[in-house]
$ cat data.cif   # mmCIF, C-alpha atoms
data_work
#
loop_
_atom_site.label_atom_id
_atom_site.label_comp_id
_atom_site.auth_asym_id
_atom_site.auth_seq_id
_atom_site.Cartn_x
_atom_site.Cartn_y
_atom_site.Cartn_z
CA MET B 603 38.51 -2.66 18.06
CA SER B 604 39.14 -5.77 15.94
CA ASP B 605 36.20 -7.43 17.72
CA ASP B 606 33.96 -4.51 16.70
CA VAL B 607 35.05 -4.85 13.08
CA THR B 608 34.38 -8.60 13.16
CA THR B 609 30.92 -8.01 14.65
CA ALA B 610 30.12 -5.39 12.00
CA GLU B 611 31.24 -7.77 9.24
CA LYS B 612 29.08 -10.53 10.71
CA THR B 613 26.10 -8.16 10.86
CA TRP B 614 26.39 -7.32 7.18
CA LYS B 615 27.16 -10.79 5.91
CA THR B 616 23.67 -12.22 6.36
CA PRO B 617 22.17 -14.49 3.67
CA PHE B 618 19.51 -11.83 2.99
CA ASN B 619 22.06 -9.07 2.42
CA ILE B 620 24.26 -11.23 0.20
CA ILE B 621 21.40 -12.48 -2.02
CA ALA B 622 19.74 -9.04 -2.17
CA GLY B 623 23.13 -7.45 -2.97
CA ILE B 624 23.78 -9.82 -5.88
CA ILE B 625 20.27 -9.24 -7.28
CA VAL B 626 20.65 -5.45 -7.00
CA ILE B 627 24.04 -5.50 -8.77
CA ILE B 628 22.69 -7.66 -11.63
CA GLY B 629 19.58 -5.45 -11.78
CA LEU B 630 21.66 -2.29 -12.05
CA ILE B 631 23.74 -3.79 -14.87
CA ILE B 632 20.56 -4.75 -16.80
CA THR B 633 19.18 -1.27 -16.09
CA ILE B 634 22.24 0.28 -17.74
CA LEU B 635 21.83 -2.07 -20.72
CA ARG B 636 18.10 -1.21 -20.96
CA PHE B 637 18.62 2.55 -20.98
CA THR B 638 21.68 2.54 -23.24
CA GLY B 639 20.79 -0.23 -25.70
CA GLY B 640 16.98 0.13 -25.75
CA LEU B 641 14.20 -2.43 -25.28
CA ALA B 642 15.51 -4.84 -27.94
CA THR B 643 18.74 -5.39 -25.99
CA VAL B 644 17.08 -6.81 -22.90
CA THR B 645 13.58 -7.94 -23.94
CA ASN B 646 11.81 -10.32 -26.33
CA LEU B 647 9.13 -7.72 -27.07
CA SER B 648 7.99 -7.34 -30.68
CA ASP B 649 5.27 -5.71 -32.75
CA TYR B 650 3.07 -8.76 -32.08
CA ASN B 651 3.88 -8.69 -28.35
CA PRO B 652 4.38 -5.06 -27.38
CA TRP B 653 4.14 -5.82 -23.67
CA GLY B 654 5.54 -8.62 -21.56
CA ILE B 655 6.08 -9.44 -17.90
CA TRP B 656 6.97 -5.86 -17.01
CA ILE B 657 3.29 -5.08 -17.66
CA GLY B 658 1.79 -8.50 -16.88
CA PHE B 659 3.63 -9.03 -13.61
CA ASP B 660 5.21 -5.77 -12.42
CA LEU B 661 2.30 -3.52 -13.29
CA LEU B 662 -0.91 -5.57 -13.27
CA CYS B 663 0.07 -7.81 -10.34
CA GLY B 664 1.76 -4.89 -8.54
CA VAL B 665 -1.40 -2.76 -8.66
CA ALA B 666 -3.71 -5.66 -7.69
CA LEU B 667 -1.54 -6.83 -4.79
CA ALA B 668 -1.19 -3.26 -3.50
CA ALA B 669 -4.98 -3.07 -3.08
CA GLY B 670 -4.65 -4.01 0.58
CA GLY B 671 -4.15 -0.32 1.37
CA PHE B 672 -7.57 0.86 0.26
CA VAL B 673 -9.35 -2.32 1.40
CA THR B 674 -7.96 -2.09 4.95
CA SER B 675 -8.33 1.66 5.37
CA ALA B 676 -11.93 1.45 4.04
CA ALA B 677 -12.73 -1.37 6.52
CA VAL B 678 -11.30 0.57 9.46
CA TYR B 679 -12.12 4.22 8.74
CA ILE B 680 -15.29 3.99 6.61
CA PHE B 681 -16.93 0.81 7.91
CA GLY B 682 -15.71 1.42 11.46
CA MET B 683 -14.03 -1.96 12.02
CA LYS B 684 -11.56 -0.57 14.53
CA ARG B 685 -10.44 -4.03 15.62
CA TYR B 686 -8.37 -4.22 12.43
CA HIS B 687 -6.60 -0.90 13.06
CA SER B 688 -3.21 -2.52 13.58
CA ALA B 689 -3.33 -3.83 9.98
CA VAL B 690 -3.71 -0.35 8.44
CA ARG B 691 -0.11 0.88 8.50
CA PRO B 692 1.48 -2.31 7.15
CA ALA B 693 -1.20 -2.39 4.43
CA ILE B 694 -0.62 1.26 3.52
CA LEU B 695 3.15 0.63 3.44
CA THR B 696 2.63 -2.35 1.10
CA GLY B 697 0.38 -0.13 -1.03
CA VAL B 698 2.89 2.72 -1.24
CA LEU B 699 5.71 0.35 -2.15
CA GLY B 700 3.52 -1.54 -4.65
CA TYR B 701 2.48 1.61 -6.50
CA ALA B 702 5.93 3.22 -6.32
CA LEU B 703 7.45 0.10 -7.86
CA VAL B 704 4.74 0.08 -10.54
CA ALA B 705 5.76 3.66 -11.37
CA LEU B 706 9.40 2.50 -11.52
CA ALA B 707 8.57 -0.54 -13.68
CA ILE B 708 6.65 1.51 -16.24
CA ASN B 709 9.83 3.52 -16.85
CA TYR B 710 11.55 0.33 -17.98
CA ASP B 711 8.65 -0.80 -20.15
CA VAL B 712 7.77 2.25 -22.23
CA GLY B 713 10.07 3.00 -25.13
CA ARG B 714 10.50 6.66 -24.26
CA PRO B 715 9.95 7.00 -20.51
CA TRP B 716 10.69 10.72 -20.52
CA ARG B 717 7.35 11.13 -22.29
CA LEU B 718 5.39 9.60 -19.40
CA PRO B 719 4.14 13.05 -18.24
CA TYR B 720 2.86 13.84 -21.77
CA PRO B 721 -0.72 12.64 -21.15
CA PHE B 722 -1.06 15.23 -18.40
CA VAL B 723 0.39 18.21 -20.24
CA VAL B 724 0.50 17.59 -24.00
CA GLN B 725 -2.17 15.24 -25.37
CA SER B 726 -5.88 15.97 -25.42
CA GLY B 727 -7.19 12.39 -25.35
CA THR B 728 -8.83 12.58 -21.97
CA THR B 729 -11.42 9.96 -22.97
CA SER B 730 -8.70 7.28 -23.17
CA VAL B 731 -8.96 4.50 -20.59
CA LEU B 732 -5.17 4.43 -20.37
CA PHE B 733 -5.18 8.14 -19.53
CA GLU B 734 -7.65 7.46 -16.71
CA VAL B 735 -5.47 4.63 -15.40
CA GLY B 736 -2.35 6.82 -15.53
CA LEU B 737 -4.09 9.74 -13.82
CA CYS B 738 -5.65 7.55 -11.11
CA VAL B 739 -2.39 5.72 -10.37
CA MET B 740 -0.52 9.02 -10.12
CA LEU B 741 -3.17 10.55 -7.83
CA TYR B 742 -3.53 7.40 -5.73
CA LEU B 743 0.22 7.10 -5.25
CA THR B 744 0.15 10.71 -3.99
CA VAL B 745 -2.77 9.88 -1.66
CA LEU B 746 -0.92 6.81 -0.37
CA LEU B 747 2.23 8.82 0.28
CA VAL B 748 0.23 11.34 2.32
CA GLU B 749 -1.62 8.52 4.15
CA PHE B 750 1.70 6.87 4.94
CA SER B 751 3.51 10.10 5.93
CA PRO B 752 2.51 10.05 9.66
CA ALA B 753 4.84 7.05 10.16
CA PRO B 754 8.05 8.80 8.99
CA MET B 755 6.86 12.02 10.69
CA GLU B 756 6.53 10.21 14.03
CA TRP B 757 9.95 8.65 13.43
CA LEU B 758 11.51 12.06 12.70
CA GLY B 759 9.56 13.89 15.42
CA PHE B 760 7.49 16.21 13.18
CA ARG B 761 4.58 16.29 15.62
CA LYS B 762 2.62 19.26 14.19
CA ALA B 763 2.75 18.11 10.58
CA ARG B 764 1.84 14.59 11.66
CA ASN B 765 -1.22 15.80 13.58
CA ILE B 766 -2.44 17.77 10.55
CA VAL B 767 -2.15 14.73 8.25
CA VAL B 768 -3.86 12.43 10.79
CA LYS B 769 -6.89 14.79 10.73
CA LEU B 770 -7.13 14.18 6.95
CA THR B 771 -7.37 10.39 7.35
CA LEU B 772 -11.06 10.00 6.46
CA VAL B 773 -10.84 12.28 3.41
CA LEU B 774 -7.73 10.46 2.19
CA THR B 775 -9.44 7.10 2.68
CA ILE B 776 -12.44 8.22 0.61
CA PHE B 777 -10.09 9.50 -2.13
CA GLY B 778 -8.25 6.18 -1.99
CA VAL B 779 -11.41 4.11 -2.37
CA VAL B 780 -12.73 6.23 -5.25
CA LEU B 781 -9.41 6.26 -7.13
CA SER B 782 -8.81 2.54 -6.56
CA THR B 783 -12.30 1.60 -7.73
CA MET B 784 -11.69 3.60 -10.89
CA HIS B 785 -8.25 2.40 -11.90
CA GLN B 786 -8.46 -1.23 -10.71
CA SER B 787 -11.47 -1.73 -12.97
CA SER B 788 -10.00 0.39 -15.77
CA LEU B 789 -6.95 -1.86 -15.92
CA GLY B 790 -9.39 -4.58 -16.97
CA ALA B 791 -11.22 -2.16 -19.27
CA LEU B 792 -7.97 -1.71 -21.22
CA PHE B 793 -8.51 -5.22 -22.63
CA LEU B 794 -11.98 -4.33 -23.94
CA ILE B 795 -10.21 -2.92 -26.98
CA ALA B 796 -8.82 -6.36 -27.92
CA PRO B 797 -11.73 -8.81 -28.21
CA SER B 798 -10.04 -10.66 -31.07
CA LYS B 799 -6.69 -10.99 -29.30
CA LEU B 800 -7.73 -12.16 -25.84
CA HIS B 801 -9.12 -15.69 -25.60
CA PRO B 802 -12.94 -15.66 -25.21
CA LEU B 803 -12.76 -17.41 -21.83
CA TRP B 804 -10.84 -14.46 -20.39
CA TYR B 805 -12.33 -11.72 -22.58
CA SER B 806 -15.65 -10.46 -21.36
CA PRO B 807 -17.59 -7.20 -21.43
CA TYR B 808 -17.58 -7.62 -17.64
CA ILE B 809 -13.77 -7.72 -17.41
CA PRO B 810 -13.57 -4.35 -15.55
CA ILE B 811 -15.81 -5.85 -12.84
CA TYR B 812 -13.69 -9.02 -12.74
CA PHE B 813 -10.55 -6.93 -12.28
CA PHE B 814 -12.07 -4.86 -9.49
CA ILE B 815 -13.38 -7.87 -7.57
CA THR B 816 -10.09 -9.77 -7.92
CA ALA B 817 -8.28 -6.64 -6.67
CA ILE B 818 -10.37 -6.79 -3.48
CA ILE B 819 -9.49 -10.50 -3.10
CA ALA B 820 -5.82 -9.64 -3.73
CA GLY B 821 -5.93 -6.84 -1.16
CA LEU B 822 -7.55 -8.98 1.54
CA SER B 823 -5.23 -11.94 0.88
CA MET B 824 -2.14 -9.78 0.67
CA VAL B 825 -2.86 -8.24 4.10
CA ILE B 826 -3.06 -11.75 5.63
CA PHE B 827 0.02 -12.93 3.71
CA GLU B 828 2.08 -9.85 4.58
CA SER B 829 0.94 -10.03 8.22
CA SER B 830 2.09 -13.65 8.52
CA LEU B 831 5.48 -12.83 6.97
CA SER B 832 5.86 -9.80 9.26
CA TYR B 833 5.06 -11.98 12.27
CA ARG B 834 7.70 -14.48 11.18
CA TYR B 835 10.52 -12.00 10.46
CA PHE B 836 9.67 -8.89 12.52
CA LYS B 837 7.89 -10.36 15.54
CA HIS B 838 10.29 -8.51 17.82
CA LYS B 839 9.04 -5.20 16.39
CA MET B 840 5.35 -5.92 17.10
CA ASP B 841 3.71 -4.44 20.17
CA ALA B 842 1.09 -6.19 22.30
CA THR B 843 -1.83 -4.69 20.31
CA HIS B 844 -0.46 -5.98 17.00
CA LEU B 845 0.20 -9.41 18.42
CA GLN B 846 -3.27 -9.51 19.95
CA GLU B 847 -5.11 -8.29 16.83
CA LYS B 848 -3.08 -10.46 14.42
CA ASN B 849 -5.44 -13.45 14.60
CA ASP B 850 -8.55 -11.24 14.44
CA VAL B 851 -7.21 -9.72 11.22
CA ALA B 852 -6.59 -13.17 9.71
CA LEU B 853 -10.07 -14.42 10.70
CA GLY B 854 -11.93 -11.25 9.64
CA PHE B 855 -10.08 -10.77 6.35
CA GLY B 856 -10.20 -14.52 5.65
CA LYS B 857 -13.97 -14.49 6.06
CA ALA B 858 -14.33 -11.49 3.77
CA ALA B 859 -11.99 -13.08 1.20
CA ALA B 860 -13.98 -16.35 1.26
CA PHE B 861 -17.22 -14.50 0.58
CA VAL B 862 -15.76 -12.29 -2.17
CA LEU B 863 -14.11 -15.34 -3.79
CA ALA B 864 -17.49 -17.11 -3.77
CA GLY B 865 -19.05 -14.06 -5.44
CA TYR B 866 -16.27 -13.94 -8.02
CA PHE B 867 -16.67 -17.64 -8.79
CA VAL B 868 -20.40 -17.19 -9.33
CA ILE B 869 -20.08 -14.16 -11.61
CA GLN B 870 -17.43 -15.98 -13.65
CA VAL B 871 -19.92 -18.81 -14.19
CA PHE B 872 -22.64 -16.25 -15.02
CA GLY B 873 -20.20 -14.69 -17.50
CA LEU B 874 -19.76 -18.06 -19.23
CA SER B 875 -23.49 -18.52 -19.27
CA MET B 876 -24.43 -15.03 -20.49
CA GLU B 877 -21.95 -15.19 -23.36
CA ASN B 878 -22.64 -18.86 -24.10
CA LYS B 879 -18.99 -19.92 -23.84
CA TRP B 880 -19.47 -23.39 -22.42
CA HIS B 881 -18.09 -25.10 -25.51
CA TYR B 882 -14.63 -23.54 -24.99
CA LEU B 883 -14.24 -25.46 -21.72
CA GLY B 884 -13.45 -28.67 -23.57
CA THR B 885 -10.38 -27.16 -25.30
CA GLY B 886 -6.80 -26.88 -24.01
CA TYR B 887 -7.37 -23.25 -23.02
CA GLY B 888 -10.61 -24.37 -21.38
CA LEU B 889 -8.74 -26.78 -19.14
CA TRP B 890 -6.26 -24.04 -18.24
CA TYR B 891 -9.21 -21.74 -17.45
CA LEU B 892 -10.69 -24.44 -15.21
CA VAL B 893 -7.32 -24.79 -13.42
CA GLU B 894 -7.51 -21.07 -12.65
CA LEU B 895 -11.19 -21.08 -11.70
CA LEU B 896 -11.23 -24.27 -9.63
CA GLY B 897 -7.66 -24.37 -8.31
CA PHE B 898 -7.14 -20.67 -7.59
CA VAL B 899 -10.68 -19.37 -6.95
CA ALA B 900 -12.92 -22.21 -5.73
CA LEU B 901 -10.20 -23.98 -3.73
CA PRO B 902 -8.98 -20.89 -1.79
CA CYS B 903 -12.63 -19.95 -1.21
CA PHE B 904 -13.28 -23.36 0.35
CA LEU B 905 -10.01 -23.36 2.35
CA TYR B 906 -10.63 -19.83 3.67
CA ALA B 907 -14.15 -20.88 4.70
CA VAL B 908 -12.90 -23.99 6.53
CA GLY B 909 -10.04 -21.98 8.12
CA VAL B 910 -12.43 -19.28 9.38
CA ARG B 911 -15.00 -21.76 10.64
CA GLU B 912 -12.43 -23.91 12.41
CA LYS B 913 -10.43 -20.81 13.48
CA ASN B 914 -7.38 -22.43 11.87
CA ILE B 915 -5.00 -19.47 11.44
CA ASN B 916 -2.30 -21.55 9.75
CA LEU B 917 -4.73 -22.74 7.09
CA ILE B 918 -5.84 -19.14 6.47
CA LYS B 919 -2.21 -18.02 6.10
CA TRP B 920 -1.38 -20.74 3.57
CA THR B 921 -4.62 -20.05 1.72
CA SER B 922 -3.70 -16.37 1.45
CA ALA B 923 -0.51 -17.42 -0.40
CA LEU B 924 -2.61 -19.60 -2.74
CA ALA B 925 -5.03 -16.73 -3.38
CA VAL B 926 -2.15 -14.31 -4.08
CA LEU B 927 -0.73 -16.85 -6.55
CA GLY B 928 -4.18 -17.09 -8.12
CA ILE B 929 -4.31 -13.32 -8.70
CA VAL B 930 -0.84 -13.41 -10.28
CA LEU B 931 -1.95 -16.30 -12.52
CA ASN B 932 -5.12 -14.44 -13.51
CA ARG B 933 -3.23 -11.29 -14.51
CA LEU B 934 -0.61 -13.29 -16.43
CA ASN B 935 -3.38 -15.23 -18.19
CA VAL B 936 -5.20 -12.09 -19.28
CA CYS B 937 -2.11 -10.12 -20.22
CA LEU B 938 0.18 -12.78 -21.68
CA ILE B 939 -0.90 -16.44 -21.74
CA ALA B 940 -4.40 -16.07 -23.21
CA PHE B 941 -3.42 -12.90 -25.10
CA ASN B 942 -2.49 -13.36 -28.78
CA TRP B 943 -3.70 -16.94 -28.37
CA HIS B 944 -4.30 -17.29 -32.11
CA LEU B 945 -0.64 -16.66 -33.01
CA PRO B 946 1.57 -19.62 -33.97
CA SER B 947 3.87 -20.75 -31.18
CA SER B 948 6.91 -19.31 -32.99
CA GLU B 949 5.41 -15.82 -32.60
CA ARG B 950 4.34 -16.21 -28.98
CA TYR B 951 6.05 -14.18 -26.28
CA VAL B 952 8.51 -15.81 -23.92
CA PRO B 953 10.25 -13.40 -21.54
CA HIS B 954 13.98 -12.78 -21.95
CA TRP B 955 15.97 -13.72 -18.85
CA MET B 956 16.89 -10.05 -18.41
CA GLU B 957 13.18 -9.11 -18.26
CA ILE B 958 12.78 -11.62 -15.43
CA GLY B 959 15.96 -10.18 -13.90
CA ILE B 960 14.45 -6.68 -13.81
CA SER B 961 11.21 -7.99 -12.29
CA VAL B 962 13.16 -9.81 -9.56
CA PHE B 963 15.28 -6.67 -9.07
CA ILE B 964 12.16 -4.52 -8.60
CA VAL B 965 10.57 -6.97 -6.14
CA THR B 966 13.88 -7.11 -4.23
CA ILE B 967 13.98 -3.31 -3.98
CA GLY B 968 10.48 -3.52 -2.49
CA VAL B 969 11.56 -6.09 0.10
CA ILE B 970 14.67 -4.05 1.02
CA VAL B 971 12.69 -0.82 1.46
CA PHE B 972 9.94 -2.65 3.41
CA ARG B 973 12.59 -4.08 5.75
CA PHE B 974 14.27 -0.67 6.13
CA VAL B 975 10.99 1.05 6.99
CA VAL B 976 9.58 -1.65 9.28
CA THR B 977 12.78 -1.86 11.35
CA ARG B 978 12.90 1.91 11.87
CA MET B 979 9.43 3.46 11.75
CA PRO B 980 6.32 2.77 13.85
CA ILE B 981 4.61 0.37 11.42
CA LEU B 982 4.16 -2.78 13.51
CA TYR B 983 3.90 -0.90 16.79
CA GLU B 984 2.44 2.38 18.01
CA HIS B 985 4.95 5.12 18.71
CA PRO B 986 4.97 5.60 22.52
CA GLU B 987 4.52 9.39 22.15
CA TYR B 988 1.46 9.03 19.91
CA LYS B 989 -0.60 6.39 21.69
CA GLU B 990 -4.05 7.84 21.43
CA VAL B 991 -7.55 6.85 20.49
CA HIS B 992 -7.90 6.42 16.72
CA MET T 829 -35.53 -25.18 -32.11
CA ASP T 830 -33.23 -28.21 -31.85
CA GLY T 831 -30.50 -26.20 -30.10
CA ILE T 832 -29.77 -24.00 -33.13
CA ILE T 833 -29.49 -20.27 -32.53
CA TYR T 834 -30.76 -18.26 -35.51
CA THR T 835 -31.35 -14.77 -34.15
CA LEU T 836 -30.22 -12.48 -31.34
CA GLN T 837 -33.60 -13.16 -29.74
CA ASP T 838 -32.81 -16.90 -29.77
CA PHE T 839 -29.35 -16.24 -28.31
CA TYR T 840 -30.63 -14.16 -25.40
CA LEU T 841 -33.52 -16.52 -24.76
CA HIS T 842 -31.03 -19.39 -24.55
CA THR T 843 -28.32 -17.69 -22.45
CA LYS T 844 -30.66 -15.82 -20.10
CA SER T 845 -32.76 -18.93 -19.47
CA ILE T 846 -29.68 -20.81 -18.33
CA THR T 847 -28.37 -17.84 -16.32
CA TYR T 848 -31.67 -17.34 -14.50
CA LEU T 849 -31.76 -21.03 -13.66
CA LEU T 850 -28.24 -20.71 -12.24
CA MET T 851 -29.11 -17.58 -10.28
CA ALA T 852 -31.63 -19.27 -8.01
CA PRO T 853 -29.20 -21.86 -6.56
CA ALA T 854 -26.46 -19.20 -6.46
CA LEU T 855 -28.56 -16.83 -4.33
CA LEU T 856 -29.61 -19.65 -2.01
CA GLY T 857 -26.01 -20.86 -1.96
CA PHE T 858 -24.78 -17.43 -0.81
CA VAL T 859 -27.14 -17.52 2.16
CA GLY T 860 -26.01 -21.04 3.04
CA PHE T 861 -22.36 -20.12 2.60
CA TRP T 862 -22.73 -17.09 4.88
CA ILE T 863 -24.38 -19.24 7.55
CA PHE T 864 -21.55 -21.78 7.16
CA LEU T 865 -18.94 -19.00 7.54
CA SER T 866 -20.62 -17.33 10.49
CA LYS T 867 -21.60 -20.37 12.54
CA ASN T 868 -18.77 -20.08 15.04
CA ASP T 869 -19.17 -16.28 15.41
CA GLU T 870 -22.01 -16.77 17.90
CA GLU T 871 -19.66 -18.46 20.34
CA GLU T 872 -17.57 -15.27 20.73
#

$ encode --input "data.cif" --output "structure tokens"
Amino acid sequence: MSDDVTTAEKTWKTPFNIIAGIIVIIGLIITILRFTGGLATVTNLSDYNPWGIWIGFDLLCGVALAAGGFVTSAAVYIFGMKRYHSAVRPAILTGVLGYALVALAINYDVGRPWRLPYPFVVQSGTTSVLFEVGLCVMLYLTVLLVEFSPAPMEWLGFRKARNIVVKLTLVLTIFGVVLSTMHQSSLGALFLIAPSKLHPLWYSPYIPIYFFITAIIAGLSMVIFESSLSYRYFKHKMDATHLQEKNDVALGFGKAAAFVLAGYFVIQVFGLSMENKWHYLGTGYGLWYLVELLGFVALPCFLYAVGVREKNINLIKWTSALAVLGIVLNRLNVCLIAFNWHLPSSERYVPHWMEIGISVFIVTIGVIVFRFVVTRMPILYEHPEYKEVH
Amino acid sequence: MDGIIYTLQDFYLHTKSITYLLMAPALLGFVGFWIFLSKNDEEE
């Protein structure tokens, strides 16, 4: 009996559980402070800087990095690339978690979160871009939940319901692609209203297109990145098909990412040219822009290309991390670093440590739920009772 | 014109001229890049 207790204690006292536990406790304390004391208690937000990292990181990066769901399901179910089928469920899971956490984060950020449903039932401003983003995110989260539902249904043994949902796969994928195209670009379109606040190198009439293309890059890179992490930590959960297709996914998605990155690089240069912004490149912000464009667009493009050509899976995996970092940098640049660039440094936004704490807390919740789901449900393997032709 | 932009016509003439000049190598570059990416596919 005492041996059992010791074993149970050992099982719980893993480094992951201890670190995640501490983060969750701190996160819950900040959550109480946020919802009892208001935004001023835990944030450095002001009238000049009405949004911070909860929008720049949690929301913008969360939505972009969750794009793997629609990219993968479109590749497999619309373009018929069945050899990537094993990547669909992990990508959909990442998408569900990404969007669910975005929905959670927005509750922290808005001053009166209980009014979040107002755009759908009270206001009449249906021409607002923000309304479109809200509506699309809500609908797409619903679509993702339905797309993901066969996994928990297989786990719980709801065979009939699962079979009905599986028949809807193509329709759900089409909904997903349409909704994602709309809101990924509209997130960029939100900044069209602030041409005087966003630095000219990041502001562009083409910013919705930039956001959509970078979302595709984020989706492709995130699938490779997530697949390499899953292989490292959940290899024992992967079946033969997943292990066999793993390298194909990295090569195929790496090739696509290299080509899309090349396209993005070129349209960024065209953007500079069309708006005659070359002279900004010699400034401090110009150098920072070049760091983003050369270090986090051109470099991953080149490394992906070399990795695919040489079939170097390790290089592709590391490049996916670089590309993911590049997307995060791009969103932070647009939303925070190059935003309000004309303000004196004393008025610039620097996140409060409790804002960072909440962001880390939200990411940790995502990792905990991902781990819970992957270790229980058929995500990295096919359920033995449902092995059929897809 | 000595590099001075007076009118919207001048602006578009200037920016579009440069963009069109960039487009040609970009389009050729895409083809080359695709060939570079796909070279080892034939071995499979």

$ interface_residues --input "data.cif" --of "chain B" --to "chain T" --cutoff "8 Å" --atoms "only C-alpha atoms" --output "JSON, numbers by chain"
{"B": [857, 861, 864, 868, 872, 875, 876, 877, 878, 907, 908, 910, 911, 912]}

$ atom_distance --input "data.cif" --atom1 "CA of Val936 (chain B)" --atom2 "CA of Thr645 (chain B)"
19.8 Å

$ atom_distance --input "data.cif" --atom1 "CA of His881 (chain B)" --atom2 "CA of Phe898 (chain B)"
21.5 Å

$ atom_distance --input "data.cif" --atom1 "CA of Ile621 (chain B)" --atom2 "CA of Thr966 (chain B)"
9.5 Å

$ resolve_selection --input "data.cif" --expression "the PyMOL selection byres ((chain B and resi 779-791) around 9)" --output "PyMOL selection string"
chain B and resi 662+665-666+669+672-673+675-676+731-732+734-739+741-742+774-778+792-795+807-815+817+936

$ resolve_selection --input "data.cif" --expression "the PyMOL selection byres ((chain B and resi 643) around 12)" --output "ChimeraX atom specification"
/B:632-642,644-648,954-957

$ resolve_selection --input "data.cif" --expression "the PyMOL selection byres ((chain B and resi 753) around 9)" --output "PyMOL selection string"
chain B and resi 691+749-752+754-758+764+979-981+985

$ closest_residue --input "data.cif" --among "B:Thr885, B:Asn619, B:Asn932, B:Thr921" --to "Tyr906 (chain B)" --atoms "all atoms listed in the file"
B:Thr921

$ closest_residue --input "data.cif" --among "B:Arg978, B:Ile627, B:Leu699, B:Val851" --to "Leu667 (chain B)" --atoms "only C-alpha atoms"
B:Leu699

$ axis_aligned_box --input "data.cif" --around "region 851-856 of chain T" --padding-each-side "3 Å" --output "lines of an AutoDock Vina configuration file"
center_x = -29.0
center_y = -19.3
center_z = -6.1
size_x = 11.2
size_y = 11.0
size_z = 14.3

$ residues_around --input "data.cif" --residues "Asn942 (chain B)" --least-positions-apart "3" --cutoff "8 Å" --atoms "only C-alpha atoms" --output "count of residues only"
9

$ residues_around --input "data.cif" --residues "Leu822 (chain B)" --least-positions-apart "2" --cutoff "6 Å" --atoms "only C-alpha atoms" --output "NGL selection string"
:B and (670 or 819-820 or 824-825 or 855)

$ closest_residue --input "data.cif" --among "B:Ala940, B:Leu883, B:Ile826, B:Ile708" --to "Thr674 (chain B)" --atoms "all atoms listed in the file"
B:Ile826

$ decode --input "data.cif" --residues "region 797-809 of chain B" --atoms "N, CA and C atoms" --output "mmCIF file, in the first residue's frame"
data_model
loop_
_atom_site.group_PDB
_atom_site.id
_atom_site.type_symbol
_atom_site.label_atom_id
_atom_site.label_comp_id
_atom_site.auth_asym_id
_atom_site.auth_seq_id
_atom_site.Cartn_x
_atom_site.Cartn_y
_atom_site.Cartn_z
ATOM 1 N N PRO B 797 -3.983 54.520 -40.357
ATOM 2 C CA PRO B 797 -2.791 54.770 -41.179
ATOM 3 C C PRO B 797 -1.791 55.717 -40.519
ATOM 4 N N SER B 798 -2.265 56.586 -39.637
ATOM 5 C CA SER B 798 -1.339 57.540 -39.016
ATOM 6 C C SER B 798 -0.666 56.958 -37.772
ATOM 7 N N LYS B 799 -1.194 55.847 -37.269
ATOM 8 C CA LYS B 799 -0.625 55.288 -36.039
ATOM 9 C C LYS B 799 0.374 54.165 -36.306
ATOM 10 N N LEU B 800 0.139 53.422 -37.387
ATOM 11 C CA LEU B 800 1.024 52.297 -37.699
ATOM 12 C C LEU B 800 2.144 52.787 -38.626
ATOM 13 N N HIS B 801 3.358 52.395 -38.328
ATOM 14 C CA HIS B 801 4.500 52.851 -39.135
ATOM 15 C C HIS B 801 4.292 52.478 -40.609
ATOM 16 N N PRO B 802 4.648 53.395 -41.532
ATOM 17 C CA PRO B 802 4.391 53.141 -42.961
ATOM 18 C C PRO B 802 4.976 51.833 -43.490
ATOM 19 N N LEU B 803 6.067 51.354 -42.898
ATOM 20 C CA LEU B 803 6.642 50.102 -43.409
ATOM 21 C C LEU B 803 5.732 48.906 -43.107
ATOM 22 N N TRP B 804 4.921 49.013 -42.072
ATOM 23 C CA TRP B 804 4.017 47.903 -41.751
ATOM 24 C C TRP B 804 2.591 48.193 -42.223
ATOM 25 N N TYR B 805 2.250 49.511 -42.290
ATOM 26 C CA TYR B 805 0.926 49.859 -42.799
ATOM 27 C C TYR B 805 0.923 49.738 -44.314
ATOM 28 N N SER B 806 -0.116 49.156 -44.825
ATOM 29 C CA SER B 806 -0.253 49.063 -46.274
ATOM 30 C C SER B 806 -1.715 48.812 -46.606
ATOM 31 N N PRO B 807 -2.186 49.324 -47.737
ATOM 32 C CA PRO B 807 -3.554 48.965 -48.148
ATOM 33 C C PRO B 807 -3.686 47.468 -48.394
ATOM 34 N N TYR B 808 -2.526 46.802 -48.566
ATOM 35 C CA TYR B 808 -2.557 45.347 -48.821
ATOM 36 C C TYR B 808 -2.436 44.532 -47.535
ATOM 37 N N ILE B 809 -2.542 45.182 -46.371
ATOM 38 C CA ILE B 809 -2.294 44.467 -45.111
ATOM 39 C C ILE B 809 -3.243 43.265 -44.892
#
